[in-house]
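Text of my_file-v1.pdb (PDB, C-alpha atoms and all ligand atoms) as supplied:
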ATOM      1  CA  MET T   3     135.781 170.016 122.133
ATOM      2  CA  ALA T   4     139.492 170.906 121.878
ATOM      3  CA  SER T   5     140.364 172.478 118.506
ATOM      4  CA  HIS T   6     143.239 170.074 117.707
ATOM      5  CA  GLN T   7     140.909 167.063 117.652
ATOM      6  CA  PRO T   8     139.954 165.621 114.267
ATOM      7  CA  PRO T   9     136.227 165.811 113.391
ATOM      8  CA  LEU T  10     134.186 162.849 114.546
ATOM      9  CA  ALA T  11     132.841 160.365 112.035
ATOM     10  CA  TYR T  12     129.404 160.803 113.636
ATOM     11  CA  GLN T  13     128.257 163.725 115.781
ATOM     12  CA  ARG T  14     125.143 162.312 117.446
ATOM     13  CA  ILE T  15     125.107 158.615 118.184
ATOM     14  CA  LEU T  16     122.827 156.129 119.784
ATOM     15  CA  LEU T  17     124.944 153.610 121.670
ATOM     16  CA  LYS T  18     123.316 150.218 122.266
ATOM     17  CA  LEU T  19     124.797 148.162 125.084
ATOM     18  CA  SER T  20     123.615 144.656 125.785
ATOM     19  CA  GLY T  21     122.803 143.936 129.416
ATOM     20  CA  GLU T  22     125.468 141.244 129.309
ATOM     21  CA  ALA T  23     128.097 143.911 128.603
ATOM     22  CA  LEU T  24     127.645 145.012 132.238
ATOM     23  CA  MET T  25     128.216 141.524 133.649
ATOM     24  CA  GLY T  26     131.994 141.575 133.356
ATOM     25  CA  PRO T  27     133.499 138.253 134.392
ATOM     26  CA  GLY T  28     130.389 137.343 136.428
ATOM     27  CA  ALA T  29     127.494 135.141 135.346
ATOM     28  CA  GLY T  30     124.783 137.792 135.731
ATOM     29  CA  GLY T  31     123.909 141.114 137.318
ATOM     30  CA  ILE T  32     126.158 144.178 137.207
ATOM     31  CA  ASP T  33     129.905 144.167 137.742
ATOM     32  CA  VAL T  34     130.755 147.587 139.170
ATOM     33  CA  ALA T  35     134.294 147.689 137.756
ATOM     34  CA  THR T  36     132.946 146.915 134.269
ATOM     35  CA  LEU T  37     130.147 149.475 134.694
ATOM     36  CA  ASN T  38     132.683 152.157 135.636
ATOM     37  CA  ARG T  39     134.971 151.260 132.756
ATOM     38  CA  ILE T  40     132.107 151.570 130.270
ATOM     39  CA  ALA T  41     131.045 154.872 131.859
ATOM     40  CA  SER T  42     134.634 156.187 131.399
ATOM     41  CA  ASP T  43     134.570 155.201 127.736
ATOM     42  CA  ILE T  44     131.276 157.036 127.212
ATOM     43  CA  ALA T  45     132.588 160.084 129.128
ATOM     44  CA  GLU T  46     135.621 160.091 126.811
ATOM     45  CA  ALA T  47     133.330 160.122 123.747
ATOM     46  CA  VAL T  48     131.375 163.066 125.184
ATOM     47  CA  GLU T  49     134.659 164.851 125.901
ATOM     48  CA  LEU T  50     135.484 164.477 122.191
ATOM     49  CA  GLY T  51     132.258 166.323 121.361
ATOM     50  CA  ALA T  52     129.869 163.434 120.647
ATOM     51  CA  GLU T  53     126.218 163.688 121.627
ATOM     52  CA  VAL T  54     125.271 160.346 123.138
ATOM     53  CA  CYS T  55     121.951 158.565 123.606
ATOM     54  CA  LEU T  56     122.230 155.220 125.330
ATOM     55  CA  VAL T  57     119.925 152.231 125.082
ATOM     56  CA  VAL T  58     120.775 149.363 127.400
ATOM     57  CA  GLY T  59     119.437 145.810 127.350
ATOM     58  CA  GLY T  60     118.431 143.684 130.306
ATOM     59  CA  GLY T  61     119.711 140.236 129.384
ATOM     60  CA  ASN T  62     122.117 140.180 132.370
ATOM     61  CA  ILE T  63     119.043 140.172 134.620
ATOM     62  CA  TYR T  64     116.009 138.836 132.768
ATOM     63  CA  ARG T  65     114.766 137.925 129.312
ATOM     64  CA  GLY T  66     111.077 137.417 128.550
ATOM     65  CA  LEU T  67     111.767 134.515 126.218
ATOM     66  CA  ALA T  68     113.666 132.657 128.956
ATOM     67  CA  GLY T  69     110.638 133.004 131.250
ATOM     68  CA  ALA T  70     108.276 131.872 128.478
ATOM     69  CA  ALA T  71     110.455 128.794 127.888
ATOM     70  CA  GLN T  72     109.792 127.854 131.527
ATOM     71  CA  GLY T  73     106.038 128.303 131.117
ATOM     72  CA  MET T  74     105.681 131.904 132.295
ATOM     73  CA  ASP T  75     103.316 134.259 130.488
ATOM     74  CA  ARG T  76     105.334 135.907 127.701
ATOM     75  CA  VAL T  77     103.912 139.396 128.194
ATOM     76  CA  SER T  78     104.632 139.391 131.946
ATOM     77  CA  GLY T  79     108.132 138.117 131.201
ATOM     78  CA  ASP T  80     108.716 140.853 128.656
ATOM     79  CA  PHE T  81     107.661 143.538 131.142
ATOM     80  CA  MET T  82     110.084 142.006 133.651
ATOM     81  CA  GLY T  83     112.781 142.240 130.950
ATOM     82  CA  MET T  84     111.926 145.884 130.305
ATOM     83  CA  LEU T  85     112.115 146.617 134.047
ATOM     84  CA  ALA T  86     115.542 144.940 134.029
ATOM     85  CA  THR T  87     116.682 147.498 131.444
ATOM     86  CA  VAL T  88     115.603 150.252 133.856
ATOM     87  CA  LEU T  89     117.827 148.748 136.580
ATOM     88  CA  ASN T  90     120.761 148.794 134.156
ATOM     89  CA  GLY T  91     119.856 152.302 132.979
ATOM     90  CA  LEU T  92     119.831 153.656 136.545
ATOM     91  CA  ALA T  93     123.217 152.038 137.195
ATOM     92  CA  LEU T  94     124.669 153.575 134.025
ATOM     93  CA  GLY T  95     123.152 156.997 134.713
ATOM     94  CA  SER T  96     124.667 157.076 138.161
ATOM     95  CA  ALA T  97     128.070 155.774 136.954
ATOM     96  CA  LEU T  98     128.126 158.485 134.269
ATOM     97  CA  GLU T  99     127.347 161.200 136.830
ATOM     98  CA  ASP T 100     130.221 159.844 138.966
ATOM     99  CA  LYS T 101     132.540 160.389 135.980
ATOM    100  CA  GLY T 102     131.479 164.042 135.866
ATOM    101  CA  CYS T 103     128.979 163.685 133.007
ATOM    102  CA  SER T 104     125.491 165.075 133.125
ATOM    103  CA  ALA T 105     123.068 162.207 132.445
ATOM    104  CA  ARG T 106     119.296 161.771 132.510
ATOM    105  CA  VAL T 107     117.589 158.401 132.669
ATOM    106  CA  MET T 108     114.282 158.271 130.787
ATOM    107  CA  SER T 109     111.996 155.249 130.779
ATOM    108  CA  ALA T 110     109.551 154.116 128.104
ATOM    109  CA  ILE T 111     107.470 152.764 130.992
ATOM    110  CA  PRO T 112     106.594 155.838 133.084
ATOM    111  CA  MET T 113     107.762 155.580 136.690
ATOM    112  CA  PRO T 114     108.070 159.240 137.693
ATOM    113  CA  THR T 115     109.399 158.742 141.195
ATOM    114  CA  VAL T 116     112.321 156.720 139.779
ATOM    115  CA  CYS T 117     113.322 158.510 136.573
ATOM    116  CA  GLU T 118     111.874 160.723 133.839
ATOM    117  CA  PRO T 119     109.332 159.311 131.393
ATOM    118  CA  PHE T 120     110.565 159.238 127.789
ATOM    119  CA  ILE T 121     109.184 162.351 126.115
ATOM    120  CA  ARG T 122     110.922 162.994 122.806
ATOM    121  CA  PRO T 123     111.141 166.817 122.874
ATOM    122  CA  VAL T 124     112.447 166.726 126.446
ATOM    123  CA  ALA T 125     115.022 164.096 125.487
ATOM    124  CA  LEU T 126     116.138 166.253 122.533
ATOM    125  CA  GLN T 127     116.521 169.241 124.866
ATOM    126  CA  HIS T 128     118.699 167.199 127.229
ATOM    127  CA  LEU T 129     120.959 166.277 124.311
ATOM    128  CA  GLU T 130     121.188 169.882 123.157
ATOM    129  CA  LYS T 131     122.275 170.848 126.679
ATOM    130  CA  GLY T 132     125.139 168.349 126.420
ATOM    131  CA  ARG T 133     123.531 165.697 128.607
ATOM    132  CA  ILE T 134     123.708 161.978 127.965
ATOM    133  CA  VAL T 135     120.231 160.486 127.720
ATOM    134  CA  VAL T 136     119.902 156.943 128.983
ATOM    135  CA  LEU T 137     116.815 155.498 127.314
ATOM    136  CA  ALA T 138     115.552 152.632 129.437
ATOM    137  CA  GLY T 139     112.471 150.406 129.322
ATOM    138  CA  GLY T 140     113.017 149.264 125.718
ATOM    139  CA  THR T 141     110.173 150.311 123.442
ATOM    140  CA  GLY T 142     107.701 149.931 126.325
ATOM    141  CA  ASN T 143     106.008 147.087 124.430
ATOM    142  CA  PRO T 144     106.252 143.330 124.810
ATOM    143  CA  PHE T 145     107.445 141.165 121.887
ATOM    144  CA  PHE T 146     110.199 143.668 121.026
ATOM    145  CA  THR T 147     113.897 143.747 121.880
ATOM    146  CA  THR T 148     116.235 146.480 123.016
ATOM    147  CA  ASP T 149     117.999 146.244 119.627
ATOM    148  CA  THR T 150     114.725 147.337 118.044
ATOM    149  CA  ALA T 151     114.296 150.005 120.755
ATOM    150  CA  ALA T 152     117.789 151.242 119.832
ATOM    151  CA  ALA T 153     116.896 151.576 116.126
ATOM    152  CA  LEU T 154     113.591 153.274 117.020
ATOM    153  CA  ARG T 155     115.204 155.797 119.381
ATOM    154  CA  ALA T 156     118.077 156.425 116.949
ATOM    155  CA  ALA T 157     115.464 157.530 114.408
ATOM    156  CA  GLU T 158     113.419 159.563 116.913
ATOM    157  CA  MET T 159     116.499 161.298 118.321
ATOM    158  CA  ASN T 160     117.869 162.170 114.848
ATOM    159  CA  CYS T 161     121.065 160.212 115.455
ATOM    160  CA  ASN T 162     123.702 159.981 112.713
ATOM    161  CA  ALA T 163     124.528 156.388 113.575
ATOM    162  CA  LEU T 164     123.543 153.463 115.740
ATOM    163  CA  PHE T 165     126.617 152.137 117.569
ATOM    164  CA  LYS T 166     126.093 148.511 118.515
ATOM    165  CA  ALA T 167     128.597 147.493 121.190
ATOM    166  CA  THR T 168     129.168 143.740 121.348
ATOM    167  CA  GLN T 169     131.644 141.171 122.621
ATOM    168  CA  VAL T 170     133.089 140.904 119.090
ATOM    169  CA  ASP T 171     134.722 143.628 116.990
ATOM    170  CA  GLY T 172     132.351 143.652 114.043
ATOM    171  CA  VAL T 173     130.169 141.552 111.784
ATOM    172  CA  TYR T 174     131.695 138.250 110.661
ATOM    173  CA  THR T 175     130.827 135.755 107.943
ATOM    174  CA  ALA T 176     129.403 133.639 110.807
ATOM    175  CA  ASP T 177     129.182 134.011 114.593
ATOM    176  CA  PRO T 178     132.903 134.157 115.544
ATOM    177  CA  LYS T 179     132.157 132.657 118.967
ATOM    178  CA  LEU T 180     130.975 129.494 117.185
ATOM    179  CA  VAL T 181     133.098 129.583 114.017
ATOM    180  CA  PRO T 182     136.676 130.589 114.974
ATOM    181  CA  ASP T 183     137.881 131.072 111.379
ATOM    182  CA  ALA T 184     134.963 133.362 110.426
ATOM    183  CA  GLU T 185     136.141 136.553 108.687
ATOM    184  CA  ARG T 186     135.249 140.112 109.621
ATOM    185  CA  TYR T 187     133.645 142.522 107.159
ATOM    186  CA  ASP T 188     134.699 146.189 107.131
ATOM    187  CA  ALA T 189     131.467 147.286 105.446
ATOM    188  CA  LEU T 190     128.175 145.692 104.450
ATOM    189  CA  SER T 191     124.840 146.834 103.095
ATOM    190  CA  PHE T 192     121.650 146.342 105.106
ATOM    191  CA  HIS T 193     120.490 144.034 102.360
ATOM    192  CA  GLU T 194     123.570 141.803 102.722
ATOM    193  CA  VAL T 195     123.129 141.497 106.487
ATOM    194  CA  LEU T 196     119.519 140.402 106.070
ATOM    195  CA  GLU T 197     120.129 138.217 103.030
ATOM    196  CA  LYS T 198     123.133 136.427 104.564
ATOM    197  CA  ASP T 199     121.265 136.143 107.895
ATOM    198  CA  LEU T 200     124.318 137.445 109.795
ATOM    199  CA  ARG T 201     122.441 137.699 113.127
ATOM    200  CA  ILE T 202     124.346 140.560 114.699
ATOM    201  CA  MET T 203     121.046 142.316 115.506
ATOM    202  CA  ASP T 204     117.482 141.184 115.095
ATOM    203  CA  GLY T 205     115.755 141.672 111.738
ATOM    204  CA  PRO T 206     113.271 144.379 112.827
ATOM    205  CA  ALA T 207     116.150 146.518 114.179
ATOM    206  CA  ILE T 208     118.117 146.205 110.898
ATOM    207  CA  ALA T 209     114.995 146.976 108.842
ATOM    208  CA  LEU T 210     114.149 150.055 110.929
ATOM    209  CA  ALA T 211     117.709 151.406 110.605
ATOM    210  CA  ARG T 212     117.659 150.711 106.859
ATOM    211  CA  ASP T 213     114.298 152.422 106.322
ATOM    212  CA  ASN T 214     115.496 155.499 108.207
ATOM    213  CA  LYS T 215     118.958 155.522 106.579
ATOM    214  CA  ILE T 216     120.810 155.239 109.868
ATOM    215  CA  PRO T 217     124.123 153.384 109.495
ATOM    216  CA  ILE T 218     124.940 150.769 112.137
ATOM    217  CA  VAL T 219     128.496 150.574 113.464
ATOM    218  CA  VAL T 220     129.302 147.260 115.138
ATOM    219  CA  PHE T 221     132.326 147.335 117.457
ATOM    220  CA  SER T 222     133.706 145.866 120.662
ATOM    221  CA  LEU T 223     133.593 147.668 123.992
ATOM    222  CA  LYS T 224     136.068 145.192 125.486
ATOM    223  CA  GLU T 225     139.126 147.361 124.859
ATOM    224  CA  LYS T 226     139.329 150.553 126.882
ATOM    225  CA  GLY T 227     138.958 153.614 124.644
ATOM    226  CA  GLY T 228     137.310 151.562 121.879
ATOM    227  CA  LEU T 229     134.322 153.861 121.528
ATOM    228  CA  ALA T 230     136.421 157.037 121.162
ATOM    229  CA  GLY T 231     138.652 155.229 118.667
ATOM    230  CA  VAL T 232     135.748 154.153 116.468
ATOM    231  CA  LEU T 233     134.275 157.662 116.579
ATOM    232  CA  GLN T 234     137.594 158.879 115.210
ATOM    233  CA  GLY T 235     137.709 156.117 112.590
ATOM    234  CA  ARG T 236     140.384 154.008 114.359
ATOM    235  CA  GLY T 237     140.383 150.338 115.308
ATOM    236  CA  ALA T 238     138.328 147.394 114.107
ATOM    237  CA  PHE T 239     134.624 147.744 113.396
ATOM    238  CA  THR T 240     132.033 147.013 110.728
ATOM    239  CA  THR T 241     129.804 149.662 109.187
ATOM    240  CA  ILE T 242     126.413 148.512 107.908
ATOM    241  CA  GLY T 243     124.658 150.796 105.427
ATOM    242  CA  GLY T 244     127.427 153.382 105.272
ATOM    243  CA  GLU T 245     127.824 155.738 102.285
ATOM    244  CA  LEU T 246     129.317 153.203  99.893
ATOM    245  CA  THR T 247     127.073 150.303 100.759
ATOM    246  CA  ASP T 248     123.475 151.550 100.870
TER     247      ASP T 248
HETATM  248  N1  LIG T 301     127.701 137.182 111.748
HETATM  249  C1  LIG T 301     127.998 137.566 112.984
HETATM  250  N2  LIG T 301     129.008 138.450 113.185
HETATM  251  C2  LIG T 301     129.315 138.862 114.427
HETATM  252  N3  LIG T 301     128.687 138.433 115.552
HETATM  253  C3  LIG T 301     127.682 137.558 115.405
HETATM  254  C4  LIG T 301     127.295 137.088 114.133
HETATM  255  N4  LIG T 301     126.259 136.227 114.289
HETATM  256  C5  LIG T 301     126.016 136.165 115.605
HETATM  257  N5  LIG T 301     126.868 136.956 116.303
HETATM  258  C6  LIG T 301     126.852 137.095 117.762
HETATM  259  O1  LIG T 301     126.062 138.226 118.088
HETATM  260  C7  LIG T 301     126.577 138.782 119.314
HETATM  261  C8  LIG T 301     126.126 140.214 119.447
HETATM  262  O2  LIG T 301     124.855 140.261 119.947
HETATM  263  P1  LIG T 301     124.425 140.642 121.428
HETATM  264  O3  LIG T 301     123.986 139.426 122.133
HETATM  265  O4  LIG T 301     123.419 141.716 121.270
HETATM  266  O5  LIG T 301     125.679 141.283 122.093
HETATM  267  P2  LIG T 301     126.834 140.676 123.005
HETATM  268  O6  LIG T 301     128.023 140.557 122.103
HETATM  269  O7  LIG T 301     127.015 141.724 124.046
HETATM  270  O8  LIG T 301     126.362 139.347 123.566
HETATM  271  C9  LIG T 301     128.068 138.658 119.164
HETATM  272  O9  LIG T 301     128.732 138.647 120.403
HETATM  273  C10 LIG T 301     128.230 137.331 118.407
HETATM  274  O10 LIG T 301     128.497 136.235 119.271
HETATM  275  O1  LIG T 302     111.000 146.871 123.676
HETATM  276  C1  LIG T 302     111.309 145.895 124.402
HETATM  277  C2  LIG T 302     112.626 145.677 124.875
HETATM  278  C3  LIG T 302     112.879 144.600 125.714
HETATM  279  N1  LIG T 302     111.873 143.741 126.067
HETATM  280  C4  LIG T 302     112.126 142.652 127.042
HETATM  281  O2  LIG T 302     113.297 142.935 127.784
HETATM  282  C5  LIG T 302     114.221 141.842 127.710
HETATM  283  C6  LIG T 302     115.622 142.356 127.793
HETATM  284  O3  LIG T 302     116.006 142.990 126.592
HETATM  285  P1  LIG T 302     117.038 142.342 125.547
HETATM  286  O4  LIG T 302     116.905 140.850 125.545
HETATM  287  O5  LIG T 302     116.870 143.051 124.257
HETATM  288  O6  LIG T 302     118.397 142.746 126.232
HETATM  289  P2  LIG T 302     119.923 142.501 125.769
HETATM  290  O7  LIG T 302     119.990 141.214 124.984
HETATM  291  O8  LIG T 302     120.299 143.673 124.909
HETATM  292  O9  LIG T 302     120.679 142.502 127.065
HETATM  293  C7  LIG T 302     113.846 141.149 126.410
HETATM  294  O10 LIG T 302     114.258 139.805 126.441
HETATM  295  C8  LIG T 302     112.321 141.287 126.398
HETATM  296  O11 LIG T 302     111.750 140.326 127.251
HETATM  297  C9  LIG T 302     110.592 143.933 125.575
HETATM  298  O12 LIG T 302     109.694 143.160 125.853
HETATM  299  N2  LIG T 302     110.344 145.013 124.754
END
Structure translated into structure tokens:
Amino acid sequence: MASHQPPLAYQRILLKLSGEALMGPGAGGIDVATLNRIASDIAEAVELGAEVCLVVGGGNIYRGLAGAAQGMDRVSGDFMGMLATVLNGLALGSALEDKGCSARVMSAIPMPTVCEPFIRPVALQHLEKGRIVVLAGGTGNPFFTTDTAAALRAAEMNCNALFKATQVDGVYTADPKLVPDAERYDALSFHEVLEKDLRIMDGPAIALARDNKIPIVVFSLKEKGGLAGVLQGRGAFTTIGGELTD
């Protein structure tokens, strides 16, 4: 890290990306230009000195609940969703390497010829060596979400914050995609998010972050450089469970 840079608000972060963040303007799958743009943003954060764990969703490819709604077995659908997160994780790992970062993809569902299995001490060593760890496969269990996997891994990896990248630049009084005049909060307590049912992440993820005292920073990845800005305390974002609002 260059000496003239201000200290980062958080040193070790877990960045949660939804699968849909990789879709770009398309209706599904991975848009390579968007993937590369996100990889550049993450590379910029690493350049600033951040240690980054990444958890990526799979909603751009498959969601277990969508399969169940069409009559498919929920557990099979959930495993398909978890495998979708591995596809996204491999794409991100390779895009990050292309940007000159060192990245390791680790899956909660062991598939050793494809990527490393998630083994916590090994993942911690990767981080200490300056590598980005891409944590794919969700929690490895059906009936969970990648938001919950993100909160779980943030705790296991001793992260200082869970960065939730979304299409919107923070937590609003209501979903801003549905309620255009909803207002953005700068800071909220975990309790307020649950009590007001603000639906930015699922309840188990919020509860896990709360119980492990890991603040959640909700921000938008739409603007280039957004991640680096938030790490340096610039731009629009909402902090849940920060110092003043436990
Ligand atoms: N109170 C709220 N404040 C902000 N966003 C909300 C709120 N309630 C629901 N949302 C929705 O939650 C979405 C974030 O969840 P998620 O699906 O994981 O990410 P993505 O934004 O990538 O689709 C936002 O894009 C927004 O539409
Ligand atoms: O621990 C997990 C994480 C994910 N999933 C499945 O994987 C899908 C994709 O994850 P998610 O919907 O969380 O992705 P995102 O919305 O972040 O793209 C989910 O719908 C679930 O079917 C699961 O069963 N267990």
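Our summary of the geometry notes that CA of Leu37 (chain T) is positioned 12.1 Å from CA of Lys226 (chain T).
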Residue IDs satisfying the PyMOL selection byres (((chain T and resi 81-93) around 9) and not hetatm), as a ChimeraX atom specification = /T:21,24,31-32,34,37,56-66,76-80,94-98,107-111,116-117,136-144,147-148
List the neighbours of Leu16 (chain T) out to 9 Å using all atoms listed in the file; skip same-chain residues closer than 3 positions along the sequence, and give me the result as a ChimeraX atom specification.
-> /T:53-57,152-153,155-156,159,161-166
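CA of Ala207 (chain T) lies 24.6 Å from CA of Glu118 (chain T).
Comparing T:Gln169, T:Gln127, T:Thr150, T:Ser191 by their smallest distance to Ala23 (chain T), the closest is T:Gln169 (using only C-alpha atoms).
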As JSON, please report the centre and edge lengths, rounded to one decimal in Å, of the axis-aligned box that holds all listed atoms of ligand LIG 301 (chain T) with 6 Å of padding on each of the six sides.
{"center_x": 126.4, "center_y": 138.9, "center_z": 117.9, "size_x": 17.9, "size_y": 17.6, "size_z": 24.3}
Find, counting only C-alpha atoms and all ligand atoms, the residue in T:Ile40, T:Leu126, T:Ile134, T:Val195 that gets nearest to ligand LIG 301 (chain T).
-> T:Val195
So that each row is one residue of chain T with an atom at most 8 Å from ligand LIG 301 (chain T), can you give its shortest atom pair and the distance in Å to one decimal, using only C-alpha atoms and all ligand atoms, rows by chain and rising number, as a Markdown table?
| residue | atom | partner | partner_atom | distance |
| --- | --- | --- | --- | --- |
| T:Leu19 | CA | T:LIG301 | O7 | 6.9 |
| T:Ser20 | CA | T:LIG301 | O7 | 4.8 |
| T:Gly21 | CA | T:LIG301 | O7 | 7.2 |
| T:Glu22 | CA | T:LIG301 | O7 | 5.5 |
| T:Ala23 | CA | T:LIG301 | O7 | 5.2 |
| T:Asp149 | CA | T:LIG301 | O4 | 7.3 |
| T:Lys166 | CA | T:LIG301 | O4 | 7.8 |
| T:Ala167 | CA | T:LIG301 | O7 | 6.6 |
| T:Thr168 | CA | T:LIG301 | O6 | 3.5 |
| T:Gln169 | CA | T:LIG301 | O6 | 3.7 |
| T:Val170 | CA | T:LIG301 | O9 | 5.1 |
| T:Asp171 | CA | T:LIG301 | C2 | 7.6 |
| T:Gly172 | CA | T:LIG301 | C2 | 5.7 |
| T:Val173 | CA | T:LIG301 | N2 | 3.6 |
| T:Tyr174 | CA | T:LIG301 | N2 | 3.7 |
| T:Thr175 | CA | T:LIG301 | N1 | 5.1 |
| T:Ala176 | CA | T:LIG301 | N1 | 4.0 |
| T:Asp177 | CA | T:LIG301 | C4 | 3.6 |
| T:Pro178 | CA | T:LIG301 | N3 | 6.0 |
| T:Lys179 | CA | T:LIG301 | O10 | 5.1 |
| T:Leu180 | CA | T:LIG301 | O10 | 7.5 |
| T:Arg186 | CA | T:LIG301 | N2 | 7.4 |
| T:Asp199 | CA | T:LIG301 | N1 | 7.6 |
| T:Leu200 | CA | T:LIG301 | N1 | 3.9 |
| T:Arg201 | CA | T:LIG301 | N4 | 4.3 |
| T:Ile202 | CA | T:LIG301 | O1 | 4.5 |
| T:Met203 | CA | T:LIG301 | O2 | 6.2 |
| T:Ser222 | CA | T:LIG301 | O6 | 7.9 |
